[in-house]
file entry36.txt (compact mmCIF, C-alpha atoms)
# COMPACT_ATOMS: atom_id res chain seq x y z
CA MET A 18 -14.52 -33.30 -4.26
CA PRO A 19 -11.25 -33.39 -6.25
CA VAL A 20 -9.11 -30.27 -6.37
CA LYS A 21 -8.96 -28.82 -9.89
CA LYS A 22 -5.64 -27.41 -11.05
CA PRO A 23 -5.26 -23.62 -11.22
CA PHE A 24 -5.81 -22.21 -14.70
CA LYS A 25 -3.35 -20.18 -16.74
CA LEU A 26 -3.56 -16.39 -16.93
CA THR A 27 -2.22 -13.95 -19.53
CA PHE A 28 -0.42 -10.86 -18.19
CA TYR A 29 -0.58 -7.38 -19.79
CA GLN A 30 1.22 -4.18 -18.82
CA PRO A 31 -0.87 -0.97 -18.93
CA GLU A 32 0.19 1.54 -21.58
CA LEU A 33 0.29 4.73 -19.52
CA GLU A 34 1.74 6.93 -22.24
CA SER A 35 -1.23 6.40 -24.56
CA ASP A 36 -2.67 9.39 -26.39
CA ILE A 37 -5.95 7.58 -26.84
CA THR A 38 -8.82 9.13 -24.94
CA ILE A 39 -12.41 7.99 -24.97
CA PRO A 40 -15.45 10.26 -24.61
CA TYR A 41 -16.62 10.22 -21.01
CA ILE A 42 -19.91 11.42 -19.55
CA ALA A 43 -19.00 12.27 -15.98
CA GLU A 44 -22.58 12.79 -14.82
CA GLY A 45 -23.40 9.11 -15.32
CA VAL A 46 -26.42 7.51 -16.89
CA ALA A 47 -29.73 7.03 -15.15
CA ALA A 48 -30.53 3.44 -14.24
CA GLY A 49 -34.02 4.54 -13.20
CA PHE A 50 -35.78 7.41 -14.95
CA PRO A 51 -34.15 8.85 -18.09
CA SER A 52 -32.39 12.22 -17.84
CA PRO A 53 -32.39 14.86 -20.60
CA ALA A 54 -29.33 14.53 -22.84
CA THR A 55 -28.52 18.21 -22.31
CA ASP A 56 -27.62 17.42 -18.69
CA PHE A 57 -24.50 15.57 -19.80
CA LEU A 58 -21.19 17.28 -20.36
CA GLU A 59 -18.81 15.24 -22.48
CA THR A 60 -15.14 15.11 -21.50
CA THR A 61 -12.53 12.42 -22.15
CA ILE A 62 -11.03 9.68 -20.05
CA ASP A 63 -7.94 7.49 -20.28
CA LEU A 64 -8.88 4.17 -18.70
CA ASN A 65 -5.25 3.24 -18.04
CA LYS A 66 -4.87 6.32 -15.86
CA GLU A 67 -8.29 5.91 -14.27
CA LEU A 68 -7.87 2.23 -13.34
CA CYS A 69 -4.18 2.32 -12.35
CA LYS A 70 -3.90 4.10 -9.01
CA ASN A 71 -0.29 2.88 -8.68
CA PRO A 72 0.93 2.68 -12.31
CA LEU A 73 4.35 1.20 -11.57
CA SER A 74 2.83 -1.72 -9.70
CA THR A 75 -0.29 -2.33 -11.80
CA PHE A 76 -0.85 -4.94 -14.50
CA TYR A 77 -3.74 -6.53 -16.37
CA ILE A 78 -4.51 -10.25 -16.56
CA LYS A 79 -6.97 -12.07 -18.81
CA VAL A 80 -8.86 -14.81 -16.96
CA LYS A 81 -9.14 -18.35 -18.27
CA GLY A 82 -11.65 -20.49 -16.44
CA ASN A 83 -14.70 -20.15 -14.24
CA SER A 84 -13.57 -20.78 -10.67
CA MET A 85 -14.52 -17.22 -9.62
CA ILE A 86 -17.90 -16.76 -11.33
CA ASP A 87 -19.79 -16.14 -8.09
CA ALA A 88 -17.49 -13.16 -7.45
CA GLY A 89 -18.42 -11.75 -10.88
CA ILE A 90 -15.17 -12.88 -12.51
CA ASN A 91 -15.76 -14.90 -15.66
CA ASP A 92 -13.70 -16.57 -18.37
CA LYS A 93 -12.07 -13.94 -20.65
CA ASP A 94 -12.60 -11.05 -18.20
CA VAL A 95 -9.62 -8.76 -17.74
CA LEU A 96 -8.51 -8.06 -14.17
CA VAL A 97 -6.69 -4.94 -13.03
CA VAL A 98 -4.17 -6.02 -10.40
CA ASP A 99 -2.13 -3.84 -8.04
CA ARG A 100 1.03 -5.34 -6.57
CA SER A 101 1.45 -2.51 -4.05
CA ILE A 102 -1.66 -3.48 -2.05
CA GLU A 103 -1.02 -5.67 0.99
CA PRO A 104 -2.77 -9.02 0.85
CA LYS A 105 -5.46 -9.40 3.50
CA ASN A 106 -8.27 -11.72 4.45
CA ASN A 107 -11.13 -11.81 1.93
CA ALA A 108 -9.20 -9.98 -0.81
CA ILE A 109 -9.22 -11.42 -4.32
CA ALA A 110 -5.64 -12.04 -5.35
CA ILE A 111 -3.46 -13.29 -8.15
CA CYS A 112 -1.57 -16.16 -6.56
CA PHE A 113 1.43 -18.13 -7.73
CA ILE A 114 1.17 -21.48 -6.00
CA ASP A 115 3.45 -24.42 -6.68
CA GLY A 116 4.53 -23.03 -10.04
CA GLU A 117 1.11 -22.05 -11.40
CA PHE A 118 -0.96 -18.86 -11.41
CA THR A 119 -4.55 -18.67 -10.20
CA VAL A 120 -7.01 -16.05 -9.06
CA LYS A 121 -8.71 -16.79 -5.73
CA ARG A 122 -10.11 -15.13 -2.62
CA ILE A 123 -7.69 -15.21 0.33
CA LYS A 124 -9.09 -16.78 3.48
CA ILE A 125 -6.89 -16.58 6.56
CA GLU A 126 -7.71 -18.73 9.55
CA LYS A 127 -6.03 -19.07 12.91
CA ASP A 128 -3.66 -21.87 11.90
CA CYS A 129 -3.67 -21.84 8.08
CA ALA A 130 -4.69 -20.08 4.90
CA TYR A 131 -6.88 -21.07 1.98
CA LEU A 132 -7.23 -19.92 -1.60
CA MET A 133 -10.98 -19.93 -2.06
CA PRO A 134 -12.78 -20.35 -5.36
CA GLU A 135 -16.10 -18.61 -5.90
CA ASN A 136 -17.72 -21.54 -7.70
CA SER A 137 -19.03 -24.65 -5.92
CA ASP A 138 -17.57 -26.88 -8.69
CA PHE A 139 -14.08 -26.08 -7.35
CA ALA A 140 -12.53 -27.03 -4.04
CA PRO A 141 -10.58 -24.62 -1.81
CA ILE A 142 -6.80 -24.90 -1.93
CA LYS A 143 -5.36 -25.30 1.57
CA VAL A 144 -1.98 -23.59 1.82
CA THR A 145 0.48 -25.53 3.96
CA SER A 146 4.20 -25.42 4.59
CA GLU A 147 4.47 -27.90 1.70
CA ASN A 148 3.28 -25.27 -0.78
CA GLN A 149 5.23 -22.44 -2.35
CA LEU A 150 2.88 -19.44 -2.44
CA ILE A 151 3.49 -15.92 -3.69
CA ILE A 152 0.70 -13.33 -3.74
CA TRP A 153 1.42 -11.38 -6.94
CA GLY A 154 -1.16 -8.70 -6.41
CA ILE A 155 -4.68 -7.75 -5.39
CA VAL A 156 -7.51 -7.44 -7.92
CA THR A 157 -8.87 -3.88 -7.95
CA TYR A 158 -11.18 -3.93 -10.99
CA VAL A 159 -12.85 -6.44 -13.33
CA ILE A 160 -13.28 -5.46 -16.99
CA LYS A 161 -15.82 -7.59 -18.80
CA SER A 162 -17.66 -7.89 -22.06
CA ILE A 163 -21.42 -8.18 -21.82
CA GLY A 164 -21.89 -9.13 -25.46
call {"tool": "encode", "arguments": {"input": "entry36.txt", "output": "structure tokens"}}
result
Amino acid sequence: MPVKKPFKLTFYQPELESDITIPYIAEGVAAGFPSPATDFLETTIDLNKELCKNPLSTFYIKVKGNSMIDAGINDKDVLVVDRSIEPKNNAIAICFIDGEFTVKRIKIEKDCAYLMPENSDFAPIKVTSENQLIIWGIVTYVIKSIG
């Protein structure tokens, strides 16, 4: 199977000084039996603050492509990425390999590493001494549209 080139990603910085808050129902919503509406107490939430545990090292990226669909990451999803988290085996990472960005799962083996897609239409990328690889950060959240 031929190796497909990594796709391009768009980077966004979180706006942590935003005054925008969104109504938030902390109790959650029942996915089984409905709960009476009076059980919910409405507060507000700032998603930048909620999703950025390490604000100085966090950024957002919009995905282009479908190499990670089996991990629940689809074209046009927005990823929350933390650069302060150490890369480790099985983590999903934003990788800069040979001058291009891609999002892949890290697979570390005894004598080499792979950048693994989560779509059988794509081949793993074997990382060798010939490659220039930088792990830019670890994906912590996926923001997606369902519509």
call {"tool": "closest_residue", "arguments": {"input": "entry36.txt", "among": "A:Thr60, A:Ser101, A:Ala110, A:Glu67", "to": "A:Val156", "atoms": "only C-alpha atoms"}}
result
A:Ala110
call {"tool": "residues_around", "arguments": {"input": "entry36.txt", "residues": "A:Val95", "least_positions_apart": "5", "cutoff": "6 Å", "atoms": "only C-alpha atoms", "output": "ChimeraX atom specification"}}
result
/A:78-79,159-160
call {"tool": "residues_around", "arguments": {"input": "entry36.txt", "residues": "A:Met133", "least_positions_apart": "6", "cutoff": "6 Å", "atoms": "all atoms listed in the file", "output": "PyMOL selection string"}}
result
chain A and resi 121-122+141
call {"tool": "closest_residue", "arguments": {"input": "entry36.txt", "among": "A:Lys81, A:Lys127, A:Lys93, A:Arg100", "to": "A:Ile151", "atoms": "all atoms listed in the file"}}
result
A:Arg100
call {"tool": "closest_residue", "arguments": {"input": "entry36.txt", "among": "A:Asp94, A:Glu147, A:Asp87, A:Asp63", "to": "A:Gly164", "atoms": "only C-alpha atoms"}}
result
A:Asp94
call {"tool": "atom_distance", "arguments": {"input": "entry36.txt", "atom1": "atom CA of A:Ile109", "atom2": "atom CA of A:Cys129"}}
result
17.1 Å
call {"tool": "atom_distance", "arguments": {"input": "entry36.txt", "atom1": "atom CA of A:Val97", "atom2": "atom CA of A:Cys69"}}
result
7.7 Å
